[in-house]
Structures are given as structure tokens and as C-alpha cells.
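Engineer: Got a file for you: upload_20.cif, mmCIF, N, CA and C atoms.
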data_model
loop_
_atom_site.label_atom_id
_atom_site.label_comp_id
_atom_site.auth_asym_id
_atom_site.auth_seq_id
_atom_site.Cartn_x
_atom_site.Cartn_y
_atom_site.Cartn_z
N MET M 63 -123.04 126.40 -58.98
CA MET M 63 -122.74 127.09 -57.72
C MET M 63 -122.33 128.52 -58.03
N SER M 64 -122.84 129.47 -57.29
CA SER M 64 -122.48 130.87 -57.51
C SER M 64 -121.34 131.26 -56.58
N VAL M 65 -120.76 132.42 -56.87
CA VAL M 65 -119.66 132.93 -56.06
C VAL M 65 -120.19 133.32 -54.68
N ASN M 66 -119.47 132.94 -53.68
CA ASN M 66 -119.83 133.23 -52.29
C ASN M 66 -119.53 134.69 -51.99
N PRO M 67 -120.54 135.53 -51.75
CA PRO M 67 -120.30 136.95 -51.47
C PRO M 67 -119.54 137.19 -50.17
N GLU M 68 -119.49 136.18 -49.31
CA GLU M 68 -118.80 136.34 -48.02
C GLU M 68 -117.27 136.35 -48.15
N ILE M 69 -116.77 136.10 -49.36
CA ILE M 69 -115.31 136.18 -49.54
C ILE M 69 -114.84 137.63 -49.66
N GLN M 70 -115.79 138.57 -49.85
CA GLN M 70 -115.41 139.98 -49.89
C GLN M 70 -114.71 140.33 -48.58
N GLY M 71 -113.54 140.95 -48.71
CA GLY M 71 -112.75 141.32 -47.54
C GLY M 71 -111.73 140.26 -47.14
N ARG M 72 -111.84 139.07 -47.70
CA ARG M 72 -110.90 137.99 -47.35
C ARG M 72 -109.52 138.27 -47.92
N SER M 73 -108.50 138.07 -47.10
CA SER M 73 -107.11 138.17 -47.54
C SER M 73 -106.50 136.78 -47.52
N TYR M 74 -105.57 136.58 -48.41
CA TYR M 74 -104.90 135.28 -48.55
C TYR M 74 -103.45 135.42 -48.11
N PRO M 75 -102.80 134.31 -47.78
CA PRO M 75 -101.41 134.38 -47.32
C PRO M 75 -100.47 134.98 -48.37
N THR M 76 -99.43 135.61 -47.88
CA THR M 76 -98.41 136.17 -48.76
C THR M 76 -97.77 135.04 -49.57
N THR M 77 -97.52 135.32 -50.85
CA THR M 77 -96.93 134.33 -51.74
C THR M 77 -95.45 134.11 -51.41
N GLU M 78 -94.93 133.02 -51.91
CA GLU M 78 -93.49 132.78 -51.82
C GLU M 78 -92.77 133.85 -52.64
N PRO M 79 -91.53 134.19 -52.29
CA PRO M 79 -90.81 135.21 -53.06
C PRO M 79 -90.63 134.81 -54.53
N TYR M 80 -90.78 135.79 -55.40
CA TYR M 80 -90.57 135.63 -56.83
C TYR M 80 -89.38 136.49 -57.21
N LEU M 81 -88.30 135.85 -57.67
CA LEU M 81 -87.10 136.56 -58.08
C LEU M 81 -87.25 136.94 -59.55
N VAL M 82 -87.27 138.23 -59.83
CA VAL M 82 -87.44 138.72 -61.19
C VAL M 82 -86.13 138.53 -61.95
N GLY M 83 -86.16 137.69 -62.96
CA GLY M 83 -84.96 137.40 -63.76
C GLY M 83 -84.89 138.26 -65.00
N ARG M 84 -83.66 138.58 -65.39
CA ARG M 84 -83.43 139.39 -66.60
C ARG M 84 -84.06 138.76 -67.82
N GLU M 85 -83.87 137.45 -67.98
CA GLU M 85 -84.41 136.79 -69.18
C GLU M 85 -85.93 136.75 -69.15
N LYS M 86 -86.53 136.60 -67.96
CA LYS M 86 -88.00 136.64 -67.86
C LYS M 86 -88.52 138.01 -68.31
N VAL M 87 -87.83 139.07 -67.88
CA VAL M 87 -88.24 140.42 -68.29
C VAL M 87 -88.11 140.56 -69.80
N ARG M 88 -87.01 140.08 -70.36
CA ARG M 88 -86.82 140.16 -71.81
C ARG M 88 -87.89 139.35 -72.55
N GLU M 89 -88.16 138.14 -72.08
CA GLU M 89 -89.19 137.30 -72.72
C GLU M 89 -90.56 137.97 -72.67
N PHE M 90 -90.91 138.50 -71.51
CA PHE M 90 -92.19 139.17 -71.36
C PHE M 90 -92.25 140.39 -72.27
N SER M 91 -91.15 141.14 -72.33
CA SER M 91 -91.08 142.33 -73.18
C SER M 91 -91.32 141.97 -74.64
N ARG M 92 -90.69 140.91 -75.09
CA ARG M 92 -90.90 140.48 -76.48
C ARG M 92 -92.33 140.02 -76.70
N ALA M 93 -92.91 139.34 -75.71
CA ALA M 93 -94.28 138.83 -75.84
C ALA M 93 -95.30 139.97 -75.96
N VAL M 94 -95.03 141.10 -75.30
CA VAL M 94 -95.96 142.24 -75.38
C VAL M 94 -95.50 143.26 -76.42
N LEU M 95 -94.52 142.86 -77.22
CA LEU M 95 -94.01 143.67 -78.34
C LEU M 95 -93.38 144.99 -77.91
N SER M 96 -92.76 144.98 -76.73
CA SER M 96 -92.04 146.17 -76.27
C SER M 96 -90.71 146.25 -77.01
N THR M 97 -90.42 147.43 -77.50
CA THR M 97 -89.13 147.65 -78.16
C THR M 97 -88.26 148.63 -77.37
N SER M 98 -88.71 148.99 -76.17
CA SER M 98 -87.94 149.93 -75.36
C SER M 98 -86.61 149.31 -74.95
N PRO M 99 -85.52 150.00 -75.19
CA PRO M 99 -84.21 149.47 -74.81
C PRO M 99 -84.09 149.15 -73.32
N ILE M 100 -84.77 149.92 -72.44
CA ILE M 100 -84.64 149.65 -71.00
C ILE M 100 -85.29 148.33 -70.61
N ASN M 101 -86.17 147.79 -71.45
CA ASN M 101 -86.78 146.48 -71.18
C ASN M 101 -85.91 145.33 -71.66
N LEU M 102 -84.95 145.61 -72.53
CA LEU M 102 -84.21 144.54 -73.19
C LEU M 102 -82.70 144.58 -72.95
N ASP M 103 -82.15 145.75 -72.76
CA ASP M 103 -80.70 145.93 -72.72
C ASP M 103 -80.26 146.47 -71.35
N PRO M 104 -79.50 145.67 -70.59
CA PRO M 104 -79.05 146.13 -69.26
C PRO M 104 -78.26 147.43 -69.30
N GLU M 105 -77.46 147.63 -70.34
CA GLU M 105 -76.67 148.87 -70.44
C GLU M 105 -77.58 150.07 -70.65
N ALA M 106 -78.60 149.93 -71.48
CA ALA M 106 -79.55 151.03 -71.70
C ALA M 106 -80.32 151.32 -70.41
N ALA M 107 -80.67 150.27 -69.67
CA ALA M 107 -81.37 150.46 -68.40
C ALA M 107 -80.47 151.18 -67.40
N ARG M 108 -79.20 150.78 -67.33
CA ARG M 108 -78.26 151.44 -66.40
C ARG M 108 -78.06 152.91 -66.79
N ALA M 109 -77.96 153.16 -68.10
CA ALA M 109 -77.80 154.54 -68.56
C ALA M 109 -79.01 155.40 -68.18
N ALA M 110 -80.17 154.75 -68.04
CA ALA M 110 -81.40 155.47 -67.66
C ALA M 110 -81.57 155.54 -66.14
N GLY M 111 -80.60 154.97 -65.40
CA GLY M 111 -80.62 155.08 -63.94
C GLY M 111 -81.17 153.87 -63.20
N TYR M 112 -81.35 152.76 -63.89
CA TYR M 112 -81.86 151.55 -63.26
C TYR M 112 -80.72 150.55 -63.05
N ALA M 113 -80.90 149.65 -62.10
CA ALA M 113 -79.86 148.64 -61.79
C ALA M 113 -79.77 147.57 -62.86
N ASP M 114 -80.87 147.31 -63.57
CA ASP M 114 -80.92 146.26 -64.59
C ASP M 114 -82.14 146.54 -65.46
N VAL M 115 -82.47 145.59 -66.34
CA VAL M 115 -83.60 145.80 -67.23
C VAL M 115 -84.88 146.04 -66.44
N VAL M 116 -85.75 146.87 -66.99
CA VAL M 116 -87.00 147.28 -66.35
C VAL M 116 -88.14 146.48 -66.98
N ALA M 117 -88.98 145.93 -66.13
CA ALA M 117 -90.12 145.15 -66.62
C ALA M 117 -91.18 146.09 -67.22
N PRO M 118 -91.85 145.64 -68.29
CA PRO M 118 -92.95 146.43 -68.85
C PRO M 118 -94.07 146.61 -67.81
N PRO M 119 -94.90 147.61 -67.99
CA PRO M 119 -95.93 147.93 -66.99
C PRO M 119 -96.89 146.81 -66.64
N THR M 120 -97.11 145.86 -67.53
CA THR M 120 -98.06 144.78 -67.24
C THR M 120 -97.39 143.54 -66.64
N PHE M 121 -96.09 143.57 -66.42
CA PHE M 121 -95.36 142.43 -65.87
C PHE M 121 -95.89 141.92 -64.53
N PRO M 122 -96.43 142.78 -63.66
CA PRO M 122 -96.89 142.28 -62.36
C PRO M 122 -97.93 141.15 -62.46
N VAL M 123 -98.55 140.94 -63.61
CA VAL M 123 -99.48 139.81 -63.72
C VAL M 123 -98.77 138.50 -63.46
N VAL M 124 -97.47 138.45 -63.73
CA VAL M 124 -96.69 137.23 -63.49
C VAL M 124 -96.67 136.91 -61.99
N VAL M 125 -96.52 137.94 -61.17
CA VAL M 125 -96.50 137.76 -59.72
C VAL M 125 -97.93 137.59 -59.19
N GLN M 126 -98.84 138.39 -59.73
CA GLN M 126 -100.24 138.34 -59.29
C GLN M 126 -100.88 136.98 -59.57
N GLU M 127 -100.41 136.31 -60.59
CA GLU M 127 -100.95 134.99 -60.95
C GLU M 127 -100.95 134.05 -59.75
N HIS M 128 -99.94 134.14 -58.90
CA HIS M 128 -99.85 133.27 -57.73
C HIS M 128 -100.94 133.59 -56.70
N THR M 129 -101.29 134.87 -56.58
CA THR M 129 -102.35 135.23 -55.64
C THR M 129 -103.71 134.81 -56.18
N LEU M 130 -103.90 135.00 -57.48
CA LEU M 130 -105.19 134.61 -58.07
C LEU M 130 -105.40 133.10 -58.00
N ALA M 131 -104.32 132.34 -58.05
CA ALA M 131 -104.42 130.88 -57.91
C ALA M 131 -104.97 130.52 -56.53
N GLN M 132 -104.61 131.29 -55.51
CA GLN M 132 -105.14 131.06 -54.17
C GLN M 132 -106.66 131.25 -54.16
N LEU M 133 -107.11 132.34 -54.77
CA LEU M 133 -108.54 132.63 -54.82
C LEU M 133 -109.29 131.56 -55.61
N LEU M 134 -108.78 131.23 -56.78
CA LEU M 134 -109.46 130.25 -57.63
C LEU M 134 -109.45 128.85 -57.01
N GLY M 135 -108.46 128.57 -56.19
CA GLY M 135 -108.38 127.27 -55.53
C GLY M 135 -109.10 127.20 -54.20
N ASP M 136 -109.68 128.30 -53.76
CA ASP M 136 -110.37 128.36 -52.47
C ASP M 136 -111.77 127.77 -52.63
N PRO M 137 -112.03 126.61 -52.03
CA PRO M 137 -113.35 125.99 -52.19
C PRO M 137 -114.47 126.85 -51.62
N ASP M 138 -114.18 127.69 -50.63
CA ASP M 138 -115.21 128.57 -50.05
C ASP M 138 -115.64 129.66 -51.03
N ALA M 139 -114.79 129.98 -52.01
CA ALA M 139 -115.10 131.07 -52.94
C ALA M 139 -116.23 130.68 -53.91
N GLY M 140 -116.31 129.41 -54.26
CA GLY M 140 -117.36 128.96 -55.17
C GLY M 140 -117.14 129.41 -56.61
N ILE M 141 -115.88 129.60 -57.01
CA ILE M 141 -115.58 130.05 -58.36
C ILE M 141 -115.26 128.85 -59.24
N ASP M 142 -116.05 128.68 -60.29
CA ASP M 142 -115.82 127.64 -61.29
C ASP M 142 -114.92 128.24 -62.37
N PHE M 143 -113.65 127.83 -62.39
CA PHE M 143 -112.68 128.43 -63.30
C PHE M 143 -113.11 128.32 -64.75
N SER M 144 -113.84 127.29 -65.10
CA SER M 144 -114.28 127.13 -66.49
C SER M 144 -115.27 128.22 -66.91
N ARG M 145 -115.77 128.98 -65.95
CA ARG M 145 -116.74 130.04 -66.23
C ARG M 145 -116.14 131.44 -66.05
N VAL M 146 -114.82 131.51 -65.84
CA VAL M 146 -114.16 132.79 -65.55
C VAL M 146 -113.68 133.46 -66.84
N VAL M 147 -113.97 134.76 -66.92
CA VAL M 147 -113.46 135.62 -67.99
C VAL M 147 -112.78 136.80 -67.30
N HIS M 148 -111.61 137.17 -67.79
CA HIS M 148 -110.89 138.31 -67.21
C HIS M 148 -111.58 139.59 -67.65
N GLY M 149 -112.08 140.38 -66.69
CA GLY M 149 -112.85 141.56 -67.02
C GLY M 149 -112.07 142.86 -67.05
N ASP M 150 -111.10 143.02 -66.15
CA ASP M 150 -110.38 144.29 -66.05
C ASP M 150 -109.07 144.05 -65.33
N GLN M 151 -108.08 144.88 -65.66
CA GLN M 151 -106.76 144.81 -65.01
C GLN M 151 -106.22 146.22 -64.88
N ARG M 152 -105.74 146.56 -63.68
CA ARG M 152 -105.15 147.88 -63.44
C ARG M 152 -103.91 147.72 -62.56
N PHE M 153 -103.01 148.70 -62.67
CA PHE M 153 -101.79 148.70 -61.87
C PHE M 153 -101.57 150.09 -61.31
N SER M 154 -101.11 150.14 -60.07
CA SER M 154 -100.77 151.41 -59.43
C SER M 154 -99.35 151.24 -58.85
N TYR M 155 -98.41 151.95 -59.46
CA TYR M 155 -96.99 151.78 -59.16
C TYR M 155 -96.45 152.79 -58.16
N THR M 156 -95.53 152.31 -57.30
CA THR M 156 -94.68 153.18 -56.51
C THR M 156 -93.35 153.35 -57.23
N ARG M 157 -92.89 152.25 -57.83
CA ARG M 157 -91.66 152.28 -58.63
C ARG M 157 -91.70 151.13 -59.63
N PRO M 158 -90.88 151.21 -60.69
CA PRO M 158 -90.86 150.12 -61.67
C PRO M 158 -90.25 148.84 -61.08
N ILE M 159 -90.61 147.72 -61.68
CA ILE M 159 -90.00 146.43 -61.35
C ILE M 159 -88.75 146.29 -62.20
N VAL M 160 -87.66 145.85 -61.55
CA VAL M 160 -86.37 145.72 -62.20
C VAL M 160 -85.85 144.30 -61.97
N ALA M 161 -85.17 143.76 -62.98
CA ALA M 161 -84.55 142.45 -62.81
C ALA M 161 -83.70 142.47 -61.54
N GLY M 162 -83.82 141.41 -60.75
CA GLY M 162 -83.12 141.32 -59.47
C GLY M 162 -84.04 141.56 -58.29
N ASP M 163 -85.21 142.17 -58.54
CA ASP M 163 -86.17 142.36 -57.45
C ASP M 163 -86.67 141.00 -56.96
N GLU M 164 -86.84 140.89 -55.67
CA GLU M 164 -87.48 139.72 -55.07
C GLU M 164 -88.82 140.20 -54.53
N LEU M 165 -89.90 139.71 -55.14
CA LEU M 165 -91.23 140.24 -54.86
C LEU M 165 -92.13 139.20 -54.20
N THR M 166 -92.97 139.68 -53.28
CA THR M 166 -94.04 138.85 -52.72
C THR M 166 -95.33 139.64 -52.88
N ALA M 167 -96.45 138.91 -52.81
CA ALA M 167 -97.75 139.56 -53.00
C ALA M 167 -98.74 139.02 -51.99
N THR M 168 -99.63 139.92 -51.57
CA THR M 168 -100.72 139.55 -50.69
C THR M 168 -102.01 140.08 -51.31
N MET M 169 -102.97 139.19 -51.48
CA MET M 169 -104.21 139.55 -52.15
C MET M 169 -105.37 139.64 -51.18
N THR M 170 -106.23 140.63 -51.45
CA THR M 170 -107.48 140.79 -50.72
C THR M 170 -108.61 140.90 -51.74
N VAL M 171 -109.70 140.19 -51.49
CA VAL M 171 -110.89 140.32 -52.33
C VAL M 171 -111.58 141.60 -51.90
N THR M 172 -111.64 142.57 -52.79
CA THR M 172 -112.17 143.89 -52.43
C THR M 172 -113.65 144.05 -52.76
N SER M 173 -114.15 143.22 -53.67
CA SER M 173 -115.55 143.37 -54.06
C SER M 173 -116.08 142.10 -54.69
N VAL M 174 -117.31 141.77 -54.34
CA VAL M 174 -118.05 140.68 -55.00
C VAL M 174 -119.43 141.24 -55.31
N LYS M 175 -119.74 141.32 -56.59
CA LYS M 175 -121.03 141.87 -57.01
C LYS M 175 -121.71 140.92 -57.97
N SER M 176 -123.02 141.00 -58.00
CA SER M 176 -123.82 140.23 -58.95
C SER M 176 -124.34 141.21 -59.99
N LEU M 177 -124.21 140.85 -61.26
CA LEU M 177 -124.64 141.74 -62.33
C LEU M 177 -125.15 140.90 -63.50
N GLY M 178 -126.45 141.01 -63.78
CA GLY M 178 -127.03 140.30 -64.91
C GLY M 178 -126.82 138.80 -64.89
N GLY M 179 -126.90 138.20 -63.72
CA GLY M 179 -126.72 136.76 -63.61
C GLY M 179 -125.27 136.32 -63.52
N ASN M 180 -124.35 137.27 -63.63
CA ASN M 180 -122.92 136.97 -63.52
C ASN M 180 -122.40 137.54 -62.21
N SER M 181 -121.25 137.05 -61.78
CA SER M 181 -120.58 137.60 -60.60
C SER M 181 -119.34 138.33 -61.04
N MET M 182 -119.07 139.45 -60.39
CA MET M 182 -117.86 140.24 -60.64
C MET M 182 -117.05 140.20 -59.35
N VAL M 183 -115.86 139.63 -59.43
CA VAL M 183 -114.99 139.52 -58.26
C VAL M 183 -113.75 140.37 -58.51
N THR M 184 -113.55 141.37 -57.66
CA THR M 184 -112.39 142.25 -57.79
C THR M 184 -111.43 141.93 -56.65
N ALA M 185 -110.16 141.75 -57.02
CA ALA M 185 -109.12 141.41 -56.05
C ALA M 185 -107.93 142.34 -56.23
N SER M 186 -107.36 142.77 -55.12
CA SER M 186 -106.22 143.67 -55.12
C SER M 186 -105.01 142.94 -54.55
N SER M 187 -103.94 142.90 -55.31
CA SER M 187 -102.71 142.25 -54.87
C SER M 187 -101.64 143.31 -54.61
N GLU M 188 -101.24 143.41 -53.35
CA GLU M 188 -100.18 144.35 -52.96
C GLU M 188 -98.85 143.63 -53.16
N ILE M 189 -98.01 144.17 -54.02
CA ILE M 189 -96.73 143.54 -54.34
C ILE M 189 -95.61 144.40 -53.75
N VAL M 190 -94.77 143.75 -52.94
CA VAL M 190 -93.70 144.44 -52.23
C VAL M 190 -92.35 143.78 -52.55
N ASP M 191 -91.27 144.54 -52.31
CA ASP M 191 -89.93 143.99 -52.53
C ASP M 191 -89.42 143.31 -51.25
N ALA M 192 -88.19 142.83 -51.29
CA ALA M 192 -87.62 142.07 -50.17
C ALA M 192 -87.54 142.88 -48.89
N SER M 193 -87.48 144.21 -49.00
CA SER M 193 -87.43 145.05 -47.80
C SER M 193 -88.83 145.35 -47.26
N GLY M 194 -89.86 144.91 -48.00
CA GLY M 194 -91.23 145.17 -47.59
C GLY M 194 -91.80 146.46 -48.17
N ALA M 195 -91.02 147.14 -49.01
CA ALA M 195 -91.47 148.39 -49.61
C ALA M 195 -92.44 148.11 -50.76
N HIS M 196 -93.51 148.87 -50.81
CA HIS M 196 -94.50 148.73 -51.88
C HIS M 196 -93.87 149.00 -53.24
N VAL M 197 -94.19 148.15 -54.21
CA VAL M 197 -93.72 148.33 -55.58
C VAL M 197 -94.92 148.64 -56.47
N VAL M 198 -95.95 147.79 -56.40
CA VAL M 198 -97.11 147.97 -57.28
C VAL M 198 -98.32 147.27 -56.67
N THR M 199 -99.48 147.82 -56.93
CA THR M 199 -100.73 147.15 -56.60
C THR M 199 -101.36 146.72 -57.92
N ALA M 200 -101.68 145.44 -58.03
CA ALA M 200 -102.33 144.90 -59.22
C ALA M 200 -103.78 144.58 -58.86
N ILE M 201 -104.71 145.17 -59.61
CA ILE M 201 -106.13 144.98 -59.34
C ILE M 201 -106.77 144.28 -60.54
N SER M 202 -107.38 143.15 -60.27
CA SER M 202 -108.05 142.36 -61.31
C SER M 202 -109.52 142.22 -61.00
N THR M 203 -110.32 142.29 -62.05
CA THR M 203 -111.73 141.94 -61.92
C THR M 203 -111.99 140.73 -62.79
N LEU M 204 -112.51 139.69 -62.14
CA LEU M 204 -112.88 138.47 -62.84
C LEU M 204 -114.39 138.43 -62.98
N VAL M 205 -114.85 138.06 -64.15
CA VAL M 205 -116.28 137.86 -64.38
C VAL M 205 -116.51 136.36 -64.36
N VAL M 206 -117.39 135.94 -63.46
CA VAL M 206 -117.74 134.53 -63.38
C VAL M 206 -119.14 134.41 -63.98
N ARG M 207 -119.18 133.81 -65.17
CA ARG M 207 -120.46 133.71 -65.90
C ARG M 207 -121.43 132.85 -65.12
N GLY M 208 -122.67 133.31 -65.09
CA GLY M 208 -123.73 132.58 -64.42
C GLY M 208 -124.16 131.37 -65.21
N ASP M 209 -125.02 130.58 -64.59
CA ASP M 209 -125.55 129.39 -65.27
C ASP M 209 -126.38 129.82 -66.48
N GLU M 210 -126.21 129.08 -67.56
CA GLU M 210 -126.99 129.35 -68.76
C GLU M 210 -128.30 128.58 -68.66
N SER M 211 -129.38 129.26 -68.86
CA SER M 211 -130.69 128.59 -68.75
C SER M 211 -131.22 128.23 -70.11
#
What would the structure in this file look like if it were written as C-alpha cells?

Structural biologist:
Amino acid sequence: MSVNPEIQGRSYPTTEPYLVGREKVREFSRAVLSTSPINLDPEAARAAGYADVVAPPTFPVVVQEHTLAQLLGDPDAGIDFSRVVHGDQRFSYTRPIVAGDELTATMTVTSVKSLGGNSMVTASSEIVDASGAHVVTAISTLVVRGDES
């Protein structure tokens, strides 16, 4: 089954709130080999003007994962997860993510293209804080490999 091009433009429900924890930020920072004190030490983050530790720039994938699960679980999308390869990831920030933020995300499928027998699905997840203020937009492109002949 190929990806349904009619999902282009589809938006999915806003995710449940995700509370950014200090230890999650530290764990993620260590996993991506960040040595920046503002990612690991609350005092260093406060000295730099932040309320708590600051998440590394790629941390929004943790929140975006919940939106992508909606897309991958949508039977109308026609996406076979066993054929998915992550093609591209981008972030556009209004402000950094800080421990203590409560974030929700809403995803829209912005593009569905066919290329060389594969499908390219691009989705944009708008991530906002508890007040509804924009924090970051996470844009992912998934490559769904076509049938092998």
C-alpha cells in the first residue's frame, strides 16, 4: 500500500501536555554528548538568565514523537512503519526549551510527494508552552520506501 496523498494538509489533535523534567534534559544532553553547562547545571543556566537547565536544540523530537505517532497510527495515511526511514529534521525556535516547561504539539502534514518509487511525507509540529506561546516548530520528513520489485 502506498502513502495516501490526500493526507496532505491534515492536522491531528493537540497532544497531551509534556512536562519537561530537569533529569530528562540532562539525560538527553548526555545522549547527544552536550557538555554545555546550561544543559546540565541549573546554577549555570540561572547565571545565563534561564529559570532552569536548557534543553539541547534537538530535544523537541521528544515532544514531536507523540505527533508522529498519530500520523503513523492513522490507517488513512497508508504508512507502513517497517518501510519508514527518517529523511530530514529541522527546528525553528522562538525561544529555548527549559526544564519546567509544559509543552503541547499540533502536527500538520505539509507535503506528500512521490519520488523514485518512494513517498516523502513532511510534517510540521507546532510546539507551544502552557500559555499557548510558540516555542519551536519541528519539521520532519519521512521517507516511506516503495515496494521492492

Engineer: May I ask for the distance between atom C of M:Val65 and atom CA of M:Thr168, given in Å to one decimal place?

Structural biologist: 20.8 Å

Engineer: On this structure, which residues satisfy the PyMOL selection byres ((chain M and resi 184) around 5), written as a list of chain:residue names?

Structural biologist: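 For this structure, the PyMOL selection byres ((chain M and resi 184) around 5) resolves to M:Val171, M:Thr172, M:Ser173, M:Met182, M:Val183, M:Ala185, M:Ser186, M:Ser202, M:Thr203, M:Leu204.
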
Engineer: Looking at only N, CA and C atoms, which of M:Gly83, M:Gly135, M:Gly149, M:Gly111 is the one that sits closest to M:Ala161?

Structural biologist: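 Smallest distance to M:Ala161 is found for M:Gly83.
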
Engineer: Can you spell out as a PDB file with N, CA and C atoms, keeping the file's coordinate frame the set of residues that the PyMOL selection byres ((chain M and resi 113) around 7) selects in the structure I just provided?

Structural biologist:
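As a result, out-v7.pdb now contains:
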ATOM      1  N   PRO M 104     -79.500 145.670 -70.590  1.00  0.00           N
ATOM      2  CA  PRO M 104     -79.050 146.130 -69.260  1.00  0.00           C
ATOM      3  C   PRO M 104     -78.260 147.430 -69.300  1.00  0.00           C
ATOM      4  N   ALA M 107     -80.670 150.270 -69.670  1.00  0.00           N
ATOM      5  CA  ALA M 107     -81.370 150.460 -68.400  1.00  0.00           C
ATOM      6  C   ALA M 107     -80.470 151.180 -67.400  1.00  0.00           C
ATOM      7  N   ARG M 108     -79.200 150.780 -67.330  1.00  0.00           N
ATOM      8  CA  ARG M 108     -78.260 151.440 -66.400  1.00  0.00           C
ATOM      9  C   ARG M 108     -78.060 152.910 -66.790  1.00  0.00           C
ATOM     10  N   GLY M 111     -80.600 154.970 -65.400  1.00  0.00           N
ATOM     11  CA  GLY M 111     -80.620 155.080 -63.940  1.00  0.00           C
ATOM     12  C   GLY M 111     -81.170 153.870 -63.200  1.00  0.00           C
ATOM     13  N   TYR M 112     -81.350 152.760 -63.890  1.00  0.00           N
ATOM     14  CA  TYR M 112     -81.860 151.550 -63.260  1.00  0.00           C
ATOM     15  C   TYR M 112     -80.720 150.550 -63.050  1.00  0.00           C
ATOM     16  N   ASP M 114     -80.870 147.310 -63.570  1.00  0.00           N
ATOM     17  CA  ASP M 114     -80.920 146.260 -64.590  1.00  0.00           C
ATOM     18  C   ASP M 114     -82.140 146.540 -65.460  1.00  0.00           C
ATOM     19  N   VAL M 115     -82.470 145.590 -66.340  1.00  0.00           N
ATOM     20  CA  VAL M 115     -83.600 145.800 -67.230  1.00  0.00           C
ATOM     21  C   VAL M 115     -84.880 146.040 -66.440  1.00  0.00           C
ATOM     22  N   VAL M 160     -87.660 145.850 -61.550  1.00  0.00           N
ATOM     23  CA  VAL M 160     -86.370 145.720 -62.200  1.00  0.00           C
ATOM     24  C   VAL M 160     -85.850 144.300 -61.970  1.00  0.00           C
ATOM     25  N   ALA M 161     -85.170 143.760 -62.980  1.00  0.00           N
ATOM     26  CA  ALA M 161     -84.550 142.450 -62.810  1.00  0.00           C
ATOM     27  C   ALA M 161     -83.700 142.470 -61.540  1.00  0.00           C
TER      28      ALA M 161
END

Engineer: Pick out the residues sitting within 6 Å of M:Val197, and hand them over as a ChimeraX atom specification; count only N, CA and C atoms, and ignore anything fewer than 4 positions along from it in its own chain.

Structural biologist: /M:154-157,189-191

Engineer: Return the single residue from M:Ser187, M:Pro99, M:Gln126, M:Glu68 that is closest to M:Thr170, with distances computed using all atoms listed in the file.

Structural biologist: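 Using all atoms listed in the file, the shortest distance to M:Thr170 belongs to M:Ser187.
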
Engineer: What does the structure give for the distance between atom CA of M:Pro119 and atom CA of M:Glu78, in Å to one decimal?

Structural biologist: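 We find that atom CA of M:Pro119 and atom CA of M:Glu78 lie 21.6 Å from each other.
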
Engineer: Got a sec to tell me which of stretch 64-203 of chain M DSSP assigns to strand (DSSP E), as a ChimeraX atom specification?

Structural biologist: /M:80-81,146-155,164-177,180-190,196-203

Engineer: Once the PyMOL selection byres ((chain M and resi 208) around 6) has been applied to the shown file, what residues remain in the selection, as a PDB file with N, CA and C atoms, keeping the file's coordinate frame?

Structural biologist:
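Here's the written file result08.pdb:
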ATOM      1  N   GLY M 179    -126.900 138.200 -63.720  1.00  0.00           N
ATOM      2  CA  GLY M 179    -126.720 136.760 -63.610  1.00  0.00           C
ATOM      3  C   GLY M 179    -125.270 136.320 -63.520  1.00  0.00           C
ATOM      4  N   ASN M 180    -124.350 137.270 -63.630  1.00  0.00           N
ATOM      5  CA  ASN M 180    -122.920 136.970 -63.520  1.00  0.00           C
ATOM      6  C   ASN M 180    -122.400 137.540 -62.210  1.00  0.00           C
ATOM      7  N   SER M 181    -121.250 137.050 -61.780  1.00  0.00           N
ATOM      8  CA  SER M 181    -120.580 137.600 -60.600  1.00  0.00           C
ATOM      9  C   SER M 181    -119.340 138.330 -61.040  1.00  0.00           C
ATOM     10  N   VAL M 206    -117.390 135.940 -63.460  1.00  0.00           N
ATOM     11  CA  VAL M 206    -117.740 134.530 -63.380  1.00  0.00           C
ATOM     12  C   VAL M 206    -119.140 134.410 -63.980  1.00  0.00           C
ATOM     13  N   ARG M 207    -119.180 133.810 -65.170  1.00  0.00           N
ATOM     14  CA  ARG M 207    -120.460 133.710 -65.900  1.00  0.00           C
ATOM     15  C   ARG M 207    -121.430 132.850 -65.120  1.00  0.00           C
ATOM     16  N   ASP M 209    -125.020 130.580 -64.590  1.00  0.00           N
ATOM     17  CA  ASP M 209    -125.550 129.390 -65.270  1.00  0.00           C
ATOM     18  C   ASP M 209    -126.380 129.820 -66.480  1.00  0.00           C
ATOM     19  N   GLU M 210    -126.210 129.080 -67.560  1.00  0.00           N
ATOM     20  CA  GLU M 210    -126.990 129.350 -68.760  1.00  0.00           C
ATOM     21  C   GLU M 210    -128.300 128.580 -68.660  1.00  0.00           C
TER      22      GLU M 210
END
